[in-house]
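Enquirer: Just one file: protein05.json, with JSON, C-alpha atoms (C1' of nucleotides).
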```
[["chain", "number", "residue", "atom", "x", "y", "z"],
["A", 434, "MET", "CA", 0.00, 0.00, 0.00],
["A", 435, "LEU", "CA", 2.89, 2.33, 0.73],
["A", 436, "ASN", "CA", 4.96, 3.15, -2.32],
["A", 437, "GLU", "CA", 1.98, 2.46, -4.53],
["A", 438, "THR", "CA", 3.26, 5.16, -6.87],
["A", 439, "ILE", "CA", 6.77, 3.80, -7.18],
["A", 440, "ASP", "CA", 5.47, 0.29, -7.71],
["A", 441, "LEU", "CA", 3.06, 1.34, -10.45],
["A", 442, "ASP", "CA", 5.83, 3.33, -12.12],
["A", 443, "ARG", "CA", 8.09, 0.31, -12.02],
["A", 444, "THR", "CA", 5.44, -2.20, -13.01],
["A", 445, "PHE", "CA", 4.18, -0.28, -16.03],
["A", 446, "GLN", "CA", 7.79, 0.45, -16.96],
["A", 447, "ALA", "CA", 8.58, -3.25, -16.74],
["A", 448, "LEU", "CA", 5.67, -4.13, -19.01],
["A", 449, "ALA", "CA", 6.66, -1.44, -21.52],
["A", 450, "ASP", "CA", 9.17, -3.75, -23.16],
["A", 451, "LYS", "CA", 8.43, -6.45, -25.69],
["A", 452, "SER", "CA", 11.15, -8.80, -24.43],
["A", 453, "ARG", "CA", 9.98, -8.55, -20.83],
["A", 454, "ARG", "CA", 6.38, -9.10, -21.86],
["A", 455, "ALA", "CA", 7.52, -12.18, -23.77],
["A", 456, "MET", "CA", 9.19, -13.44, -20.59],
["A", 457, "VAL", "CA", 6.04, -12.82, -18.57],
["A", 458, "GLU", "CA", 4.05, -14.60, -21.23],
["A", 459, "ARG", "CA", 6.39, -17.57, -21.06],
["A", 460, "LEU", "CA", 6.19, -17.62, -17.28],
["A", 461, "THR", "CA", 2.40, -17.80, -17.29],
["A", 462, "LEU", "CA", 2.93, -21.31, -18.71],
["A", 463, "GLY", "CA", 4.95, -22.21, -15.63],
["A", 464, "PRO", "CA", 8.32, -21.55, -13.97],
["A", 465, "ALA", "CA", 11.41, -21.36, -16.17],
["A", 466, "SER", "CA", 15.15, -20.90, -15.84],
["A", 467, "VAL", "CA", 16.91, -17.79, -17.09],
["A", 468, "SER", "CA", 18.34, -19.79, -20.00],
["A", 469, "GLN", "CA", 14.89, -20.99, -20.97],
["A", 470, "LEU", "CA", 13.64, -17.43, -20.93],
["A", 471, "ALA", "CA", 16.63, -16.39, -23.01],
["A", 472, "ALA", "CA", 16.23, -19.09, -25.67],
["A", 473, "PRO", "CA", 13.68, -17.33, -27.93],
["A", 474, "LEU", "CA", 15.28, -13.90, -27.51],
["A", 475, "ALA", "CA", 18.01, -12.44, -29.68],
["A", 476, "MET", "CA", 20.25, -11.12, -26.93],
["A", 477, "THR", "CA", 22.97, -12.23, -24.56],
["A", 478, "LEU", "CA", 22.28, -14.08, -21.33],
["A", 479, "ALA", "CA", 23.60, -11.11, -19.41],
["A", 480, "ALA", "CA", 20.91, -8.90, -20.96],
["A", 481, "VAL", "CA", 18.20, -11.40, -20.09],
["A", 482, "VAL", "CA", 19.39, -11.52, -16.50],
["A", 483, "GLN", "CA", 19.06, -7.74, -16.39],
["A", 484, "HIS", "CA", 15.49, -7.96, -17.66],
["A", 485, "VAL", "CA", 14.71, -10.57, -15.04],
["A", 486, "GLN", "CA", 16.08, -8.19, -12.41],
["A", 487, "VAL", "CA", 13.73, -5.46, -13.64],
["A", 488, "LEU", "CA", 10.76, -7.82, -13.41],
["A", 489, "GLU", "CA", 11.92, -8.92, -9.98],
["A", 490, "SER", "CA", 12.44, -5.38, -8.69],
["A", 491, "CYS", "CA", 8.78, -4.55, -9.30],
["A", 492, "GLY", "CA", 7.57, -7.85, -7.87],
["A", 493, "VAL", "CA", 6.17, -9.26, -11.10],
["A", 494, "VAL", "CA", 8.40, -12.32, -10.82],
["A", 495, "THR", "CA", 10.30, -14.02, -8.03],
["A", 496, "THR", "CA", 13.41, -16.11, -8.53],
["A", 497, "GLU", "CA", 15.18, -18.79, -6.61],
["A", 498, "LYS", "CA", 18.54, -20.33, -7.21],
["A", 499, "VAL", "CA", 18.58, -24.11, -7.52],
["A", 500, "GLY", "CA", 22.07, -25.45, -8.04],
["A", 501, "ARG", "CA", 23.57, -23.45, -10.85],
["A", 502, "THR", "CA", 20.23, -22.47, -12.41],
["A", 503, "ARG", "CA", 17.94, -19.64, -11.36],
["A", 504, "MET", "CA", 14.27, -20.52, -11.60],
["A", 505, "CYS", "CA", 11.78, -17.71, -12.22],
["A", 506, "ARG", "CA", 8.08, -17.76, -11.52],
["A", 507, "ILE", "CA", 5.37, -15.18, -11.97],
["A", 508, "GLU", "CA", 3.90, -13.39, -8.97],
["A", 509, "ALA", "CA", 0.32, -12.28, -9.45],
["A", 510, "GLU", "CA", 0.01, -9.29, -7.11],
["A", 511, "ALA", "CA", 2.13, -6.69, -8.88],
["A", 512, "MET", "CA", 0.46, -7.33, -12.23],
["A", 513, "THR", "CA", -2.95, -7.24, -10.59],
["A", 514, "ALA", "CA", -2.14, -3.84, -9.09],
["A", 515, "ALA", "CA", -1.39, -2.44, -12.55],
["A", 516, "GLU", "CA", -4.51, -4.03, -14.00],
["A", 517, "GLN", "CA", -6.53, -2.64, -11.10],
["A", 518, "TRP", "CA", -5.33, 0.91, -11.68],
["A", 519, "ILE", "CA", -6.58, 0.82, -15.27],
["A", 520, "THR", "CA", -9.82, -0.87, -14.28],
["A", 521, "ASP", "CA", -10.50, 1.79, -11.65],
["A", 522, "ARG", "CA", -9.95, 4.62, -14.16],
["A", 523, "ARG", "CA", -12.18, 2.88, -16.65],
["A", 524, "ARG", "CA", -14.94, 2.66, -14.09],
["A", 525, "GLY", "CA", -14.56, 6.40, -13.63],
["A", 526, "TRP", "CA", -14.95, 7.37, -17.23],
["A", 527, "GLU", "CA", -17.63, 4.80, -17.96],
["A", 528, "ALA", "CA", -19.71, 6.23, -15.14],
["A", 529, "ARG", "CA", -19.18, 9.68, -16.59],
["A", 530, "LEU", "CA", -20.16, 8.57, -20.09],
["A", 531, "ASP", "CA", -23.27, 6.94, -18.66],
["A", 532, "ARG", "CA", -24.26, 10.21, -17.03],
["A", 533, "LEU", "CA", -23.51, 12.01, -20.27],
["A", 534, "GLY", "CA", -25.74, 9.53, -22.08],
["A", 535, "ASP", "CA", -28.52, 10.21, -19.57],
["A", 536, "VAL", "CA", -28.18, 13.94, -20.04],
["A", 537, "LEU", "CA", -28.20, 13.63, -23.81],
["A", 538, "SER", "CA", -31.30, 11.44, -23.90],
["A", 539, "GLU", "CA", -32.97, 13.79, -21.42],
["A", 540, "ILE", "CA", -32.29, 16.71, -23.73],
["A", 541, "ALA", "CA", -33.55, 14.69, -26.68],
["A", 542, "THR", "CA", -36.76, 13.92, -24.79],
["A", 543, "GLU", "CA", -37.22, 17.56, -23.81],
["A", 544, "ASN", "CA", -36.74, 18.63, -27.40],
["A", 545, "THR", "CA", -39.32, 16.22, -28.75],
["A", 546, "GLN", "CA", -41.74, 17.22, -26.02],
["A", 547, "GLU", "CA", -41.20, 20.92, -26.63],
["A", 548, "LYS", "CA", -41.82, 20.66, -30.33],
["A", 549, "PRO", "CA", -45.09, 22.62, -30.81],
["B", 517, "MET", "CA", -4.21, -5.44, -34.50],
["B", 518, "LEU", "CA", -1.14, -4.52, -36.49],
["B", 519, "ASN", "CA", 1.47, -2.76, -34.40],
["B", 520, "GLU", "CA", -0.01, -4.30, -31.31],
["B", 521, "THR", "CA", 3.49, -4.56, -29.91],
["B", 522, "ILE", "CA", 4.44, -0.97, -30.55],
["B", 523, "ASP", "CA", 1.18, 0.25, -29.12],
["B", 524, "LEU", "CA", 1.52, -1.81, -25.97],
["B", 525, "ASP", "CA", 5.10, -0.64, -25.58],
["B", 526, "ARG", "CA", 3.98, 2.94, -25.90],
["B", 527, "THR", "CA", 0.89, 2.60, -23.76],
["B", 528, "PHE", "CA", 2.63, 0.92, -20.83],
["B", 529, "GLN", "CA", 5.47, 3.40, -21.19],
["B", 530, "ALA", "CA", 2.96, 6.24, -21.07],
["B", 531, "LEU", "CA", 1.39, 4.89, -17.90],
["B", 532, "ALA", "CA", 4.81, 4.39, -16.28],
["B", 533, "ASP", "CA", 4.92, 8.01, -15.17],
["B", 534, "LYS", "CA", 3.22, 9.48, -12.15],
["B", 535, "SER", "CA", 2.52, 12.83, -13.81],
["B", 536, "ARG", "CA", 0.92, 11.22, -16.84],
["B", 537, "ARG", "CA", -1.16, 8.94, -14.67],
["B", 538, "ALA", "CA", -2.30, 12.03, -12.78],
["B", 539, "MET", "CA", -3.36, 13.60, -16.07],
["B", 540, "VAL", "CA", -5.26, 10.47, -17.09],
["B", 541, "GLU", "CA", -6.89, 10.44, -13.68],
["B", 542, "ARG", "CA", -7.95, 14.05, -14.12],
["B", 543, "LEU", "CA", -9.28, 13.35, -17.59],
["B", 544, "THR", "CA", -11.50, 10.55, -16.35],
["B", 545, "LEU", "CA", -13.48, 13.33, -14.66],
["B", 546, "GLY", "CA", -14.02, 14.98, -18.04],
["B", 547, "PRO", "CA", -12.16, 16.91, -20.75],
["B", 548, "ALA", "CA", -9.62, 19.52, -19.69],
["B", 549, "SER", "CA", -7.31, 22.08, -21.25],
["B", 550, "VAL", "CA", -3.53, 21.70, -21.12],
["B", 551, "SER", "CA", -3.37, 24.49, -18.53],
["B", 552, "GLN", "CA", -5.92, 22.73, -16.35],
["B", 553, "LEU", "CA", -3.87, 19.55, -16.54],
["B", 554, "ALA", "CA", -0.76, 21.55, -15.69],
["B", 555, "ALA", "CA", -2.25, 23.32, -12.66],
["B", 556, "PRO", "CA", -1.59, 20.62, -10.02],
["B", 557, "LEU", "CA", 1.81, 19.66, -11.43],
["B", 558, "ALA", "CA", 5.13, 21.20, -10.46],
["B", 559, "MET", "CA", 6.55, 21.66, -13.94],
["B", 560, "THR", "CA", 6.47, 24.06, -16.87],
["B", 561, "LEU", "CA", 3.64, 24.18, -19.38],
["B", 562, "ALA", "CA", 6.05, 23.05, -22.06],
["B", 563, "ALA", "CA", 6.75, 19.86, -20.11],
["B", 564, "VAL", "CA", 3.04, 19.20, -19.68],
["B", 565, "VAL", "CA", 2.48, 19.63, -23.40],
["B", 566, "GLN", "CA", 5.18, 17.02, -23.99],
["B", 567, "HIS", "CA", 3.44, 14.60, -21.63],
["B", 568, "VAL", "CA", 0.16, 15.20, -23.45],
["B", 569, "GLN", "CA", 1.94, 14.38, -26.70],
["B", 570, "VAL", "CA", 3.13, 11.07, -25.23],
["B", 571, "LEU", "CA", -0.41, 10.21, -24.17],
["B", 572, "GLU", "CA", -1.69, 11.24, -27.57],
["B", 573, "SER", "CA", 0.93, 9.27, -29.50],
["B", 574, "CYS", "CA", -0.27, 6.03, -27.93],
["B", 575, "GLY", "CA", -3.93, 6.90, -28.36],
["B", 576, "VAL", "CA", -4.78, 7.21, -24.68],
["B", 577, "VAL", "CA", -5.98, 10.78, -25.16],
["B", 578, "THR", "CA", -7.12, 12.85, -28.10],
["B", 579, "THR", "CA", -6.85, 16.61, -28.29],
["B", 580, "GLU", "CA", -8.56, 19.32, -30.23],
["B", 581, "LYS", "CA", -7.67, 22.95, -30.50],
["B", 582, "VAL", "CA", -10.48, 25.35, -29.65],
["B", 583, "GLY", "CA", -9.41, 28.95, -30.10],
["B", 584, "ARG", "CA", -6.14, 29.32, -28.27],
["B", 585, "THR", "CA", -6.75, 26.42, -25.86],
["B", 586, "ARG", "CA", -6.18, 22.73, -26.52],
["B", 587, "MET", "CA", -8.81, 20.48, -25.01],
["B", 588, "CYS", "CA", -7.84, 16.94, -24.08],
["B", 589, "ARG", "CA", -10.14, 14.00, -23.56],
["B", 590, "ILE", "CA", -9.52, 10.39, -22.69],
["B", 591, "GLU", "CA", -9.90, 7.69, -25.33],
["B", 592, "ALA", "CA", -10.84, 4.32, -23.91],
["B", 593, "GLU", "CA", -9.44, 1.87, -26.45],
["B", 594, "ALA", "CA", -5.70, 2.17, -25.88],
["B", 595, "MET", "CA", -6.07, 1.81, -22.13],
["B", 596, "THR", "CA", -8.39, -1.13, -22.60],
["B", 597, "ALA", "CA", -5.78, -2.85, -24.79],
["B", 598, "ALA", "CA", -3.21, -2.58, -22.00],
["B", 599, "GLU", "CA", -5.70, -3.79, -19.43],
["B", 600, "GLN", "CA", -6.66, -6.66, -21.72],
["B", 601, "TRP", "CA", -3.07, -7.82, -22.10],
["B", 602, "ILE", "CA", -2.71, -8.18, -18.34],
["B", 603, "THR", "CA", -6.13, -9.79, -18.00],
["B", 604, "ASP", "CA", -5.26, -12.38, -20.65],
["B", 605, "ARG", "CA", -2.00, -13.28, -18.91],
["B", 606, "ARG", "CA", -3.80, -13.54, -15.59],
["B", 607, "ARG", "CA", -6.31, -15.93, -17.09],
["B", 608, "GLY", "CA", -3.35, -18.01, -18.23],
["B", 609, "TRP", "CA", -1.68, -18.39, -14.89],
["B", 610, "GLU", "CA", -4.94, -18.73, -12.97],
["B", 611, "ALA", "CA", -5.88, -21.66, -15.19],
["B", 612, "ARG", "CA", -2.47, -23.14, -14.55],
["B", 613, "LEU", "CA", -2.78, -22.69, -10.80],
["B", 614, "ASP", "CA", -6.20, -24.30, -10.92],
["B", 615, "ARG", "CA", -4.74, -27.32, -12.67],
["B", 616, "LEU", "CA", -1.92, -27.36, -10.13],
["B", 617, "GLY", "CA", -4.52, -27.29, -7.37],
["B", 618, "ASP", "CA", -6.30, -30.22, -8.98],
["B", 619, "VAL", "CA", -3.08, -32.20, -9.23],
["B", 620, "LEU", "CA", -2.18, -31.45, -5.63],
["B", 621, "SER", "CA", -5.55, -32.50, -4.26],
["B", 622, "GLU", "CA", -5.43, -35.62, -6.44],
["B", 623, "ILE", "CA", -2.08, -36.53, -4.95],
["B", 624, "ALA", "CA", -3.45, -35.82, -1.49],
["B", 625, "THR", "CA", -6.41, -38.11, -2.17],
["B", 626, "GLU", "CA", -4.17, -40.84, -3.54],
["B", 627, "ASN", "CA", -1.97, -40.63, -0.48],
["B", 628, "THR", "CA", -4.90, -40.97, 1.92],
["B", 629, "GLN", "CA", -6.29, -43.83, -0.10],
["B", 630, "GLU", "CA", -2.97, -45.60, -0.29],
["B", 631, "LYS", "CA", -2.37, -45.41, 3.45],
["B", 632, "PRO", "CA", -2.50, -49.09, 4.54],
["C", 650, "DC", "C1'", -4.59, 48.57, -30.94],
["C", 651, "DT", "C1'", -2.46, 46.54, -26.84],
["C", 652, "DG", "C1'", -1.40, 43.59, -23.44],
["C", 653, "DA", "C1'", -2.25, 39.21, -21.47],
["C", 654, "DT", "C1'", -3.17, 34.43, -22.22],
["C", 655, "DA", "C1'", -2.40, 29.76, -23.97],
["C", 656, "DC", "C1'", 0.13, 27.49, -26.04],
["C", 657, "DT", "C1'", 4.15, 26.03, -29.63],
["C", 658, "DC", "C1'", 8.86, 25.15, -31.11],
["C", 659, "DA", "C1'", 13.83, 24.12, -30.90],
["C", 660, "DA", "C1'", 17.78, 23.13, -28.55],
["C", 661, "DG", "C1'", 20.16, 21.17, -24.86],
["C", 662, "DA", "C1'", 21.44, 19.26, -20.08],
["C", 663, "DG", "C1'", 21.29, 15.18, -17.31],
["C", 664, "DG", "C1'", 19.82, 10.91, -16.15],
["C", 665, "DA", "C1'", 17.74, 6.37, -17.07],
["C", 666, "DC", "C1'", 17.62, 2.29, -20.15],
["C", 667, "DA", "C1'", 18.93, -1.58, -23.06],
["C", 668, "DC", "C1'", 22.19, -3.58, -24.53],
["C", 669, "DT", "C1'", 27.36, -5.56, -25.19],
["C", 670, "DT", "C1'", 31.89, -7.37, -23.96],
["C", 671, "DG", "C1'", 35.10, -9.79, -21.22],
["C", 672, "DA", "C1'", 36.50, -11.70, -17.09],
["C", 673, "DC", "C1'", 35.02, -14.59, -13.25],
["C", 674, "DT", "C1'", 32.43, -17.96, -9.96],
["C", 675, "DG", "C1'", 29.90, -21.83, -8.51],
["C", 676, "DT", "C1'", 27.76, -26.68, -10.37],
["C", 677, "DT", "C1'", 27.37, -30.70, -12.79],
["C", 678, "DG", "C1'", 28.53, -34.78, -15.73],
["C", 679, "DC", "C1'", 31.98, -37.89, -17.18],
["D", 831, "DG", "C1'", 39.97, -33.66, -11.86],
["D", 832, "DC", "C1'", 38.33, -31.03, -15.57],
["D", 833, "DA", "C1'", 35.54, -29.39, -19.17],
["D", 834, "DA", "C1'", 31.11, -27.58, -20.19],
["D", 835, "DC", "C1'", 27.37, -25.18, -18.31],
["D", 836, "DA", "C1'", 24.46, -21.51, -16.06],
["D", 837, "DG", "C1'", 24.86, -17.59, -14.39],
["D", 838, "DT", "C1'", 27.21, -13.18, -12.24],
["D", 839, "DC", "C1'", 29.71, -8.79, -12.23],
["D", 840, "DA", "C1'", 31.62, -4.41, -13.86],
["D", 841, "DA", "C1'", 32.36, -1.26, -17.20],
["D", 842, "DG", "C1'", 31.15, 1.12, -21.20],
["D", 843, "DT", "C1'", 28.27, 2.71, -25.26],
["D", 844, "DG", "C1'", 24.60, 4.53, -27.69],
["D", 845, "DT", "C1'", 19.82, 5.77, -27.33],
["D", 846, "DC", "C1'", 15.63, 7.38, -25.27],
["D", 847, "DC", "C1'", 13.17, 10.31, -21.58],
["D", 848, "DT", "C1'", 12.12, 14.14, -18.85],
["D", 849, "DC", "C1'", 12.46, 18.60, -18.10],
["D", 850, "DT", "C1'", 14.16, 23.40, -18.73],
["D", 851, "DT", "C1'", 15.07, 27.70, -21.07],
["D", 852, "DG", "C1'", 14.21, 31.13, -24.28],
["D", 853, "DA", "C1'", 12.35, 32.18, -28.08],
["D", 854, "DG", "C1'", 7.93, 32.80, -31.16],
["D", 855, "DT", "C1'", 2.73, 32.63, -32.70],
["D", 856, "DA", "C1'", -2.14, 32.87, -32.45],
["D", 857, "DT", "C1'", -6.25, 34.34, -29.84],
["D", 858, "DC", "C1'", -9.04, 37.04, -26.80],
["D", 859, "DA", "C1'", -10.55, 41.00, -23.63],
["D", 860, "DG", "C1'", -10.95, 45.71, -23.07]]
```
Would you mind giving the structure from this file in structure tokens?

Expert:
Amino acid sequence: MLNETIDLDRTFQALADKSRRAMVERLTLGPASVSQLAAPLAMTLAAVVQHVQVLESCGVVTTEKVGRTRMCRIEAEAMTAAEQWITDRRRGWEARLDRLGDVLSEIATENTQEKP
Amino acid sequence: MLNETIDLDRTFQALADKSRRAMVERLTLGPASVSQLAAPLAMTLAAVVQHVQVLESCGVVTTEKVGRTRMCRIEAEAMTAAEQWITDRRRGWEARLDRLGDVLSEIATENTQEKP
DNA sequence: CTGATACTCAAGAGGACACTTGACTGTTGC
DNA sequence: GCAACAGTCAAGTGTCCTCTTGAGTATCAG
């Protein structure tokens, strides 16, 4: 709850990259090692590790070292927070558009009624 | 559908900034001029205009010049696309966790049954 | 017409980001 | 043991972002 701002900044920032989204997408299928995440991407392992660190720093994934491999798994909460922010805004403007619709149909009704 | 990647990149990038999220938040209450968006923010008008351009370039807001003022309004679709991407991923991992739950309870059942 | 308002534009400083390279460390399989 | 593997670390490079300054333009109010 604290640092909500920083976390949203970081989370949206993390998702603003095709490679990282691809990693998240892969991880929704189940845990994977860094090498497995790296396989479909055209970049060095070192770069992939850095991406994983970004995803980890905003809580979207957690990692755990098993022997010489680091396993990554997705962590729902951070993503849900980002989703929730958008959903909340949408609720706001949908409510407003509903009211606008009401007003418009009210005006329409008044106009038809006031036609002599 | 084309450029889905670029748009998601841009949209998440746009939302990865507290000031821009504040502007979006303000715009959910209804259209506003650039100056109105700038009012609560501690930065120059020029900077605010640049933020508006970012939001516009990814389709989250549209603007229209009326006399000497530029009115901004929120545009649902781009935000919905971002929300949808997260929602789709969530569906993925929730389904997986459900299956995991099934497997775990199956194992549990087997274990109880196989107790001699 | 004049001054104030509401931007608009261009250039640039400074920092954050996305990589790469090259050297190094801990694990595992034979 | 030792070679291959899976990652780790530090440094450096080029690019993108954010924001400012200092100019200019169009519009409106009186």

Enquirer: Using all atoms of stretch 654-664 of chain C listed in the file and a margin of 5 Å per side, can you give the axis-aligned box centre and edge lengths in Å to one decimal, as lines of an AutoDock Vina configuration file?

Expert:
```
center_x = 9.1
center_y = 22.7
center_z = -23.6
size_x = 34.6
size_y = 33.5
size_z = 25.0
```

Enquirer: I want to know what sits within 12 Å of C:DG678, based on all atoms listed in the file, with residues of the same chain fewer than 5 positions away left out; could you give that as a list in words?

Expert: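 With the cut-off at 12 Å, the set is DC832, DA833, DA834 and DC835 of chain D.
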
Enquirer: I'd like the interatomic distance between atom C1' of C:DA672 and atom CA of A:Thr495, to a tenth of an Å.

Expert: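 Interatomic distance here is 27.8 Å.
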
Enquirer: Using all atoms listed in the file, pick whichever of D:DA859, D:DA836, D:DA841, D:DC846 has the shortest atom-to-atom distance to chain A.

Expert: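 Distance minimum relative to chain A lands on D:DA836.
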
Enquirer: Between atom C1' of C:DT670 and atom CA of A:Leu474, what distance in Å does the model show, to one decimal?

Expert: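 Those two atoms sit 18.2 Å apart.
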
Enquirer: Counting all atoms listed in the file, which residues have an atom no more than 9 Å from (13.9, -13.8, -21.9) in the file's coordinates? Please list them as a PyMOL selection string.

Expert: chain A and resi 452-457+459+467-476+478+480-482+484-485

Enquirer: For A:Val499, which of D:DT857, D:DT848, D:DG831, D:DG837 is the closest residue, counting all atoms listed in the file?

Expert: D:DG837

Enquirer: Show me, as an MDAnalysis selection string, the residues that have an atom within 12 Å of C:DG661 when counting all atoms listed in the file, minus same-chain residues fewer than 5 positions from it.

Expert: chainID D and resid 849:852

Enquirer: Measuring atom to atom with only C-alpha atoms (C1' of nucleotides), identify which of A:Thr502, A:Gln483, A:Thr520, A:Thr496 is nearest to chain D.

Expert: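 Of A:Thr502, A:Gln483, A:Thr520, A:Thr496, the one nearest chain D, counting only C-alpha atoms (C1' of nucleotides), is A:Thr502.
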
Enquirer: Check which residues of chain D sit at most 9 Å from stretch 652-660 of chain C using all atoms listed in the file, and return one row each with the closest pair of atoms and their distance in Å to one decimal, ordered by chain and rising number, as JSON lines.

Expert:
```
{"residue": "D:DA853", "atom": "C1'", "partner": "C:DC658", "partner_atom": "C1'", "distance": 8.4}
{"residue": "D:DG854", "atom": "C1'", "partner": "C:DC658", "partner_atom": "C1'", "distance": 7.7}
{"residue": "D:DT855", "atom": "C1'", "partner": "C:DT657", "partner_atom": "C1'", "distance": 7.4}
{"residue": "D:DA856", "atom": "C1'", "partner": "C:DC656", "partner_atom": "C1'", "distance": 8.7}
{"residue": "D:DT857", "atom": "C1'", "partner": "C:DT654", "partner_atom": "C1'", "distance": 8.2}
{"residue": "D:DC858", "atom": "C1'", "partner": "C:DT654", "partner_atom": "C1'", "distance": 7.9}
{"residue": "D:DA859", "atom": "C1'", "partner": "C:DA653", "partner_atom": "C1'", "distance": 8.8}
```

Enquirer: Nearest to chain D among A:Trp518, A:Ser466, A:Glu497, A:Ile507, with distances taken over all atoms listed in the file: which residue is it?

Expert: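 The closest residue to chain D is A:Ser466.
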
Enquirer: Closest to chain D among B:Glu610, B:Asp533, B:Glu591, B:Glu541, using only C-alpha atoms (C1' of nucleotides)?

Expert: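 For chain D, the nearest of the candidates is B:Asp533.
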
Enquirer: For chain A, list the residues within 7 Å of chain B, counting all atoms listed in the file, and write the list as a list in words.

Expert: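 That gives Thr438, Leu441, Asp442, Arg443, Phe445, Gln446, Leu448, Ala449, Asp450, Lys451, Glu458, Thr461, Leu462, Met512, Glu516, Ile519, Arg522, Gly525 and Trp526 of chain A for chain A.
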